[in-house]
Amino acid sequence: MPAARHICARLGVAALVGLAPAAVGIAHADHDMAAMSDHDSDLSLGVSVEAAAFDTAFYVGSYQGIMPVVEAAHGRLGASVTMPLYHLTENGLGRYGIGDAALGAMATVVDRDTLHAGAALHLMLPTGSELDNFGMGHVMAMPSAWASWRGAALRLAASAGYARALTGLGGAHNHGPAPLVDPMNMQELTWSVAADIDVGHGVQLGGRARGAVPIGTGQTRAIAGGRVAWGTARITTGVELQVGLVGDPFTIRGVLDTALRF
């Protein structure tokens, strides 16, 4: 499995680079919001690093990313901001660049001992270059609803959402998802499911799946992965290995994230 060995090596390098500046971090950011955090912390700082290989109809290559994230919460309300940085190798050409920044606002509607549910709104800003395959080239609005349930050792979470480009839907990449580092359709329905089980000594094992279905022109995509996380109530680190199932979002991707909560 040359591709798998290549990605493992890239992930190791990305982890060293991403974690060297500071021992702070949070879970990696995605377009969907599987669930709000179950802790009561007011501030979370972190970093997520990832490495992936892709093989699409037009491009072959890999990318590595570092994504610092800041989250803040007050009562049932929360907000987040992220700004990813990438190295992309596309058809043999390598380059560095920033991706699309993301702003998020979240609200918890149901807040019980075992059940939590609410809504979120994320905006992706066109800070990444569309020409270089680092960004969408326009603002994306992504409202979603999420819910999570926690038992003694088991946690389940799910989300459903809608994403739409705040521009004409006859855009430049209406032939399929873009950019390479984080593909999305111009208009789509999104979903995610996750399960984690506490195996003791601060260790959790889990699985995730998420995807999107285009509205109109576009391409369905889906990914799945396994995750192991460990830590305390204040700091948590996780490693996730993901595979692209549908739509060529990537062939294989590794993600390492760490979170420090105050």
# chains A, B, ... in the order shown; residues from 1 in each chain; ligands from 1
>>> closest_atom_pairs(of="range 54-80 of chain A", to="range 244-249 of chain A", cutoff="10 Å", atoms="only C-alpha atoms", output="JSON lines")
{"residue": "A:Phe54", "atom": "CA", "partner": "A:Pro249", "partner_atom": "CA", "distance": 7.1}
{"residue": "A:Asp55", "atom": "CA", "partner": "A:Asp248", "partner_atom": "CA", "distance": 7.0}
{"residue": "A:Thr56", "atom": "CA", "partner": "A:Asp248", "partner_atom": "CA", "distance": 5.9}
{"residue": "A:Ala57", "atom": "CA", "partner": "A:Asp248", "partner_atom": "CA", "distance": 8.7}
>>> residues_around(residues="Asp182 in chain A", least_positions_apart="6", cutoff="10 Å", atoms="only C-alpha atoms", output="PyMOL selection string")
chain A and resi 30-31+99-100+133-136+249-250
>>> residues_around(residues="Gly225 in chain A", least_positions_apart="3", cutoff="7 Å", atoms="only C-alpha atoms", output="ChimeraX atom specification")
/A:207-209,240-243
>>> residues_around(residues="Ala157 in chain A", least_positions_apart="2", cutoff="8 Å", atoms="only C-alpha atoms", output="list of chain:residue names")
A:Ala34, A:Ala35, A:Trp146, A:Ala147, A:Ser148, A:Trp149, A:Arg155, A:Ser159, A:Val193, A:Ala194, A:Ala195
>>> atom_distance(atom1="CA of Leu45 in chain A", atom2="CA of His122 in chain A")
18.1 Å
>>> atom_distance(atom1="CA of Thr89 in chain A", atom2="CA of Asp257 in chain A")
22.4 Å
>>> closest_residue(among="A:Asn91, A:Thr217, A:Thr258, A:Gln64", to="Glu188 in chain A", atoms="only C-alpha atoms")
A:Thr217
>>> select_by_dssp(residues="range 33-186 of chain A", states="strand (DSSP E)", output="NGL selection string")
:A and (43-55 or 60-74 or 77-82 or 85-90 or 93-98 or 101-111 or 115-125 or 140-150 or 154-165)
>>> closest_residue(among="A:Tyr63, A:Tyr86, A:Trp191, A:Phe58", to="Ala160 in chain A", atoms="only C-alpha atoms")
A:Trp191
>>> atom_distance(atom1="CA of Pro84 in chain A", atom2="CA of Gly128 in chain A")
9.0 Å
>>> closest_residue(among="A:Val228, A:Gly202, A:Leu189, A:Met106", to="Gly75 in chain A", atoms="only C-alpha atoms")
A:Met106
>>> closest_residue(among="A:Ala72, A:Leu156, A:Met184, A:Val255", to="His116 in chain A", atoms="only C-alpha atoms")
A:Leu156
>>> closest_residue(among="A:Val239, A:Val109, A:Val47, A:Val60", to="Met83 in chain A", atoms="only C-alpha atoms")
A:Val47
>>> closest_residue(among="A:Leu123, A:Ala141, A:Leu88, A:Ile252", to="Ala224 in chain A", atoms="only C-alpha atoms")
A:Ile252
